[in-house]
Amino acid sequence: MGAISSLPFASACAKAAQPIHFATWSAAVDQVKSHINAFEKETGIEVAYENAPGAQFRQILIAKFISGAPLDVMWVNDAWLPEFSEAGWIAPTDQYSSLMKYNDDLQRYCVDSMTYKGRQYGNVYYTDFMGFLYNEEILAEAGISAPPQTWDEVVEQSLKIKAQGLCDYPMLLSLEADAWMMEFISSLVFSFGGRFVDAAGKSIVQDPQGGAMAALEWIQAAISKHEIISPGAASTQEMSGLKAFGAGRHAFGIIPRYRTRPLNNPAESQVAGKVRMALMPKGPDGAHATCGWVRFYGMTPAAQKDEVKAEKVVQFIEWFGGKALGEYRFQKMLMLDIGVPFCTRSLDSDPDIVAFHEKYLGGGDIVSQQAGLVIEKDVITPWFAEWNEINSQAWQKAVLNQVTAAEALRESGEAWDRLKAAY
């Protein structure tokens with residue numbers, strides 16, 4: 001199908017046709033509804049919107065795909081892309097010039113995270129990365145003038161804070177085996193200079209000289225030797241960790257960057273105005289790297305079968321993932337209303353976004369620096385979901401000191417290579 005033009009949109013008679021079926025997890029519901037209403041008013045195209053809890057959303061999507069339930073557009077986790085593409089559940093969108101024209105304004109890792117086997121599968125809903133956050137008041141009380149630059153300094157500063165009775169466990173890590181765990185451990189592995197697989201896709205996570213080994217051994221020592229991380233880290237959910245940080249129980253934490261807004265909101269946090277972001281600390285052979293991710297608008301093959309329907313769906317994706325009436329309206333709405341970041345580089349200089357960064361992070365420079373050091377997960381494959389369960393459990397056993405770091409990572413690496421060979 002040839003390129004489809006962007007605005008102006010379809011005629012009002014489109015409303016009599018079948019609606020666009022749009023499915024998301026239950027986030028930013030008010031903002032989504034508002035933007036849908038504006039789209040319907042502008043185009044006359046009806047949208048059937050539904051959302052479901054994030055924990056069940058992937059399985060709900062798969063059930064829809066298999067049953068053939070009406071579905072045209074949905075939010076897609078970058079981790080699901082290879083699996084969904086290989087199964088034929090989502091379709092490439094790079095044939096639509098009205099969608100691809102936004103790529104030049106995006107962070108490169110965002111485009112890469114939506115690309116599989118040379119084809120792009122959507123437009124960005126949001127992006128983020130794991131940030132290293134700190135409570136500047138606790139550091140000041142401990143006589144620490146600047147946040148740590150290395151993981152060794154994290155230990156040193158944490159021990160100083162702990163010795164003064166300011167925190168029982170100065171460093172927060174949320175390592176429950178849930179949807180967030182891969183991002184948490186990837187940030188540590190990348191900052192220690194490690195990777196999970198090599199350029200050929202073979203597992204290197206078990207390399208005794210690699211960054212993954214150094215990262216896991218650092219966690220073990222932080223819990224059992226230095227006692228600066230809670231022994232309950234393996235059962236701490238991301239949200240539970242966030243609440244603990246917001247209650248002032250930790251000085252440092254690896255936390256999704258978008259959480260800085262609620263943490264610095266007096267209505268939601270006891271540490272409002274005190275939370276700032278530093279570059280991710282680095283290991284001896286690492287850099288200030290972190291793990292980033294993208295969630296995007298994907299399109300089903302069913303939506304592309306009919307050219308008229310496809311045109312409406314492309315208009316809808318552009319309205320959300322590109323510009324609406326000449327502006328990045330939805331991206332700004334998400335950022336200003338709930339702190340959810342975007343991939344769009346030109347928005348960084350928008351006066352409202354600049355003011356947001358000043359208010360909640362102390363400035364946008366640190367965000368730009370860290371964004372330039374983001375690495376996307378290197379394990380996103382059709383067998384990722386199955387391997388991720390094994391890998392998460394292996395890391396948890398090591399965190400709980402049930403096995404050594406070497407034993408845990410050997411289990412992870414062997415599982416990866418076994419699944420890769422089977423695929």
# chains A, B, ... in the order shown; residues from 1 in each chain; ligands from 1

call {"tool": "residues_around", "arguments": {"residues": "Met74 (chain A)", "least_positions_apart": "4", "cutoff": "8 Å", "atoms": "only C-alpha atoms", "output": "JSON list (two decimals) with C-alpha atoms, in the first residue's frame"}}
result
[["chain", "number", "residue", "atom", "x", "y", "z"],
["A", 22, "PHE", "CA", -7.94, 0.44, 20.52],
["A", 23, "ALA", "CA", -6.61, -1.51, 23.53],
["A", 24, "THR", "CA", -4.19, -0.38, 26.25],
["A", 297, "TYR", "CA", 1.38, 1.97, 19.11],
["A", 298, "GLY", "CA", 1.25, -1.25, 17.13],
["A", 299, "MET", "CA", -1.12, -2.08, 14.28]]

call {"tool": "select_by_dssp", "arguments": {"residues": "region 24-210 of chain A", "states": "strand (DSSP E or B)", "output": "mmCIF file with C-alpha atoms, in the first residue's frame"}}
result
data_model
loop_
_atom_site.group_PDB
_atom_site.id
_atom_site.type_symbol
_atom_site.label_atom_id
_atom_site.label_comp_id
_atom_site.auth_asym_id
_atom_site.auth_seq_id
_atom_site.Cartn_x
_atom_site.Cartn_y
_atom_site.Cartn_z
ATOM 1 C CA THR A 24 -4.193 -0.379 26.247
ATOM 2 C CA TRP A 25 -3.153 -1.277 29.733
ATOM 3 C CA VAL A 47 -12.960 4.791 18.502
ATOM 4 C CA ALA A 48 -13.822 1.782 20.666
ATOM 5 C CA TYR A 49 -11.377 2.068 23.572
ATOM 6 C CA GLU A 50 -10.738 -0.536 26.228
ATOM 7 C CA ASN A 51 -8.047 -0.978 28.853
ATOM 8 C CA ALA A 52 -6.989 -3.724 31.237
ATOM 9 C CA VAL A 73 -4.292 -0.596 17.494
ATOM 10 C CA MET A 74 -2.739 -1.427 20.853
ATOM 11 C CA TRP A 75 0.082 -0.431 23.125
ATOM 12 C CA VAL A 76 3.021 -2.781 22.660
ATOM 13 C CA ASN A 77 5.900 -3.433 25.044
ATOM 14 C CA ALA A 91 2.225 -5.657 11.146
ATOM 15 C CA LEU A 106 13.393 10.708 17.932
ATOM 16 C CA THR A 115 12.438 -2.317 14.733
ATOM 17 C CA TYR A 116 12.673 -6.055 14.113
ATOM 18 C CA ARG A 119 11.083 -3.379 9.685
ATOM 19 C CA GLN A 120 9.559 -0.751 11.967
ATOM 20 C CA ASN A 123 5.158 4.963 16.667
ATOM 21 C CA VAL A 124 6.176 5.768 20.209
ATOM 22 C CA TYR A 125 3.672 5.899 23.063
ATOM 23 C CA TYR A 126 6.356 6.688 25.622
ATOM 24 C CA THR A 127 9.936 5.956 26.534
ATOM 25 C CA ASP A 128 11.879 5.976 29.748
ATOM 26 C CA PHE A 129 15.026 4.714 31.381
ATOM 27 C CA MET A 130 16.088 3.606 34.826
ATOM 28 C CA GLY A 131 17.375 6.615 36.708
ATOM 29 C CA PHE A 132 19.666 6.811 39.709
ATOM 30 C CA LEU A 133 17.766 8.978 42.174
ATOM 31 C CA TYR A 134 19.000 10.369 45.455
ATOM 32 C CA ASN A 135 17.597 12.271 48.421
ATOM 33 C CA THR A 150 30.766 4.865 40.934
ATOM 34 C CA MET A 171 20.324 1.879 48.755
ATOM 35 C CA LEU A 172 16.974 0.793 47.270
ATOM 36 C CA VAL A 197 24.605 -11.720 24.869
ATOM 37 C CA SER A 203 25.057 -15.850 25.888
#

call {"tool": "residues_around", "arguments": {"residues": "Phe245 (chain A)", "least_positions_apart": "3", "cutoff": "10 Å", "atoms": "only C-alpha atoms", "output": "VMD selection string"}}
result
chain A and resid 133 to 135 170 to 172 239 to 242 248 to 253 255 263 269 to 271 275

call {"tool": "write_last_selection", "arguments": {"atoms": "C-alpha atoms", "output": "PDB file, in the first residue's frame"}}
result
ATOM      1  CA  LEU A 133      17.766   8.978  42.174  1.00  0.00           C
ATOM      2  CA  TYR A 134      19.000  10.369  45.455  1.00  0.00           C
ATOM      3  CA  ASN A 135      17.597  12.271  48.421  1.00  0.00           C
ATOM      4  CA  PRO A 170      20.433   3.563  52.193  1.00  0.00           C
ATOM      5  CA  MET A 171      20.324   1.879  48.755  1.00  0.00           C
ATOM      6  CA  LEU A 172      16.974   0.793  47.270  1.00  0.00           C
ATOM      7  CA  MET A 239       5.700   0.292  43.476  1.00  0.00           C
ATOM      8  CA  SER A 240       6.541  -0.831  47.016  1.00  0.00           C
ATOM      9  CA  GLY A 241      10.081   0.441  46.567  1.00  0.00           C
ATOM     10  CA  LEU A 242       8.783   3.730  45.245  1.00  0.00           C
ATOM     11  CA  GLY A 248      12.309   8.883  53.166  1.00  0.00           C
ATOM     12  CA  ARG A 249      13.612   5.418  54.012  1.00  0.00           C
ATOM     13  CA  HIS A 250      16.354   5.392  51.376  1.00  0.00           C
ATOM     14  CA  ALA A 251      19.056   7.788  50.207  1.00  0.00           C
ATOM     15  CA  PHE A 252      19.641   6.190  46.794  1.00  0.00           C
ATOM     16  CA  GLY A 253      17.576   4.135  44.405  1.00  0.00           C
ATOM     17  CA  ILE A 255      13.918   3.992  39.931  1.00  0.00           C
ATOM     18  CA  LEU A 263       8.314  11.734  44.375  1.00  0.00           C
ATOM     19  CA  SER A 269       5.486  12.066  48.804  1.00  0.00           C
ATOM     20  CA  GLN A 270       7.112  12.944  52.111  1.00  0.00           C
ATOM     21  CA  VAL A 271      10.382  13.830  50.352  1.00  0.00           C
ATOM     22  CA  VAL A 275      14.708  14.022  45.119  1.00  0.00           C
TER      23      VAL A 275
END

call {"tool": "residues_around", "arguments": {"residues": "Trp151 (chain A)", "least_positions_apart": "3", "cutoff": "6 Å", "atoms": "only C-alpha atoms", "output": "list in words"}}
result
Val154, Pro281, Lys282 and Gly283 of chain A

call {"tool": "write_last_selection", "arguments": {"atoms": "N, CA and C atoms", "output": "compact mmCIF listing (two decimals), in the first residue's frame"}}
result
# COMPACT_ATOMS: atom_id res chain seq x y z
N VAL A 154 28.95 4.41 45.94
CA VAL A 154 27.62 4.14 46.50
C VAL A 154 27.78 3.39 47.82
N PRO A 281 25.64 5.36 38.46
CA PRO A 281 27.02 5.06 38.83
C PRO A 281 27.62 4.00 37.90
N LYS A 282 28.92 3.97 37.84
CA LYS A 282 29.58 3.03 36.94
C LYS A 282 30.49 2.08 37.71
N GLY A 283 30.65 0.89 37.14
CA GLY A 283 31.57 -0.09 37.70
C GLY A 283 32.99 0.18 37.23

call {"tool": "select_by_dssp", "arguments": {"residues": "region 178-330 of chain A", "states": "helix (DSSP H, G or I)", "output": "ChimeraX atom specification"}}
result
/A:181-191,211-225,233-235,238-246,257-263,301-305,307-321,329-330

call {"tool": "closest_residue", "arguments": {"among": "A:Met333, A:Ala310, A:Asp348, A:Asp178", "to": "Gln393 (chain A)", "atoms": "only C-alpha atoms"}}
result
A:Asp178

call {"tool": "residues_around", "arguments": {"residues": "Tyr360 (chain A)", "least_positions_apart": "6", "cutoff": "10 Å", "atoms": "only C-alpha atoms", "output": "mmCIF file with C-alpha atoms, in the first residue's frame"}}
result
data_model
loop_
_atom_site.group_PDB
_atom_site.id
_atom_site.type_symbol
_atom_site.label_atom_id
_atom_site.label_comp_id
_atom_site.auth_asym_id
_atom_site.auth_seq_id
_atom_site.Cartn_x
_atom_site.Cartn_y
_atom_site.Cartn_z
ATOM 1 C CA TYR A 258 9.199 9.189 35.360
ATOM 2 C CA ARG A 259 8.732 8.533 39.067
ATOM 3 C CA THR A 260 10.505 11.816 39.879
ATOM 4 C CA ARG A 261 7.218 13.653 39.425
ATOM 5 C CA PRO A 262 5.245 11.848 42.143
ATOM 6 C CA LEU A 263 8.314 11.734 44.375
ATOM 7 C CA ASN A 264 8.611 15.519 44.184
ATOM 8 C CA ASN A 265 4.877 16.121 44.546
ATOM 9 C CA ALA A 272 8.973 16.285 47.817
ATOM 10 C CA GLY A 273 11.541 18.796 46.619
ATOM 11 C CA LYS A 274 14.435 16.671 47.856
ATOM 12 C CA VAL A 275 14.708 14.022 45.119
ATOM 13 C CA ARG A 276 17.175 14.541 42.300
ATOM 14 C CA MET A 277 18.662 12.412 39.550
ATOM 15 C CA GLY A 339 5.461 12.809 34.215
#
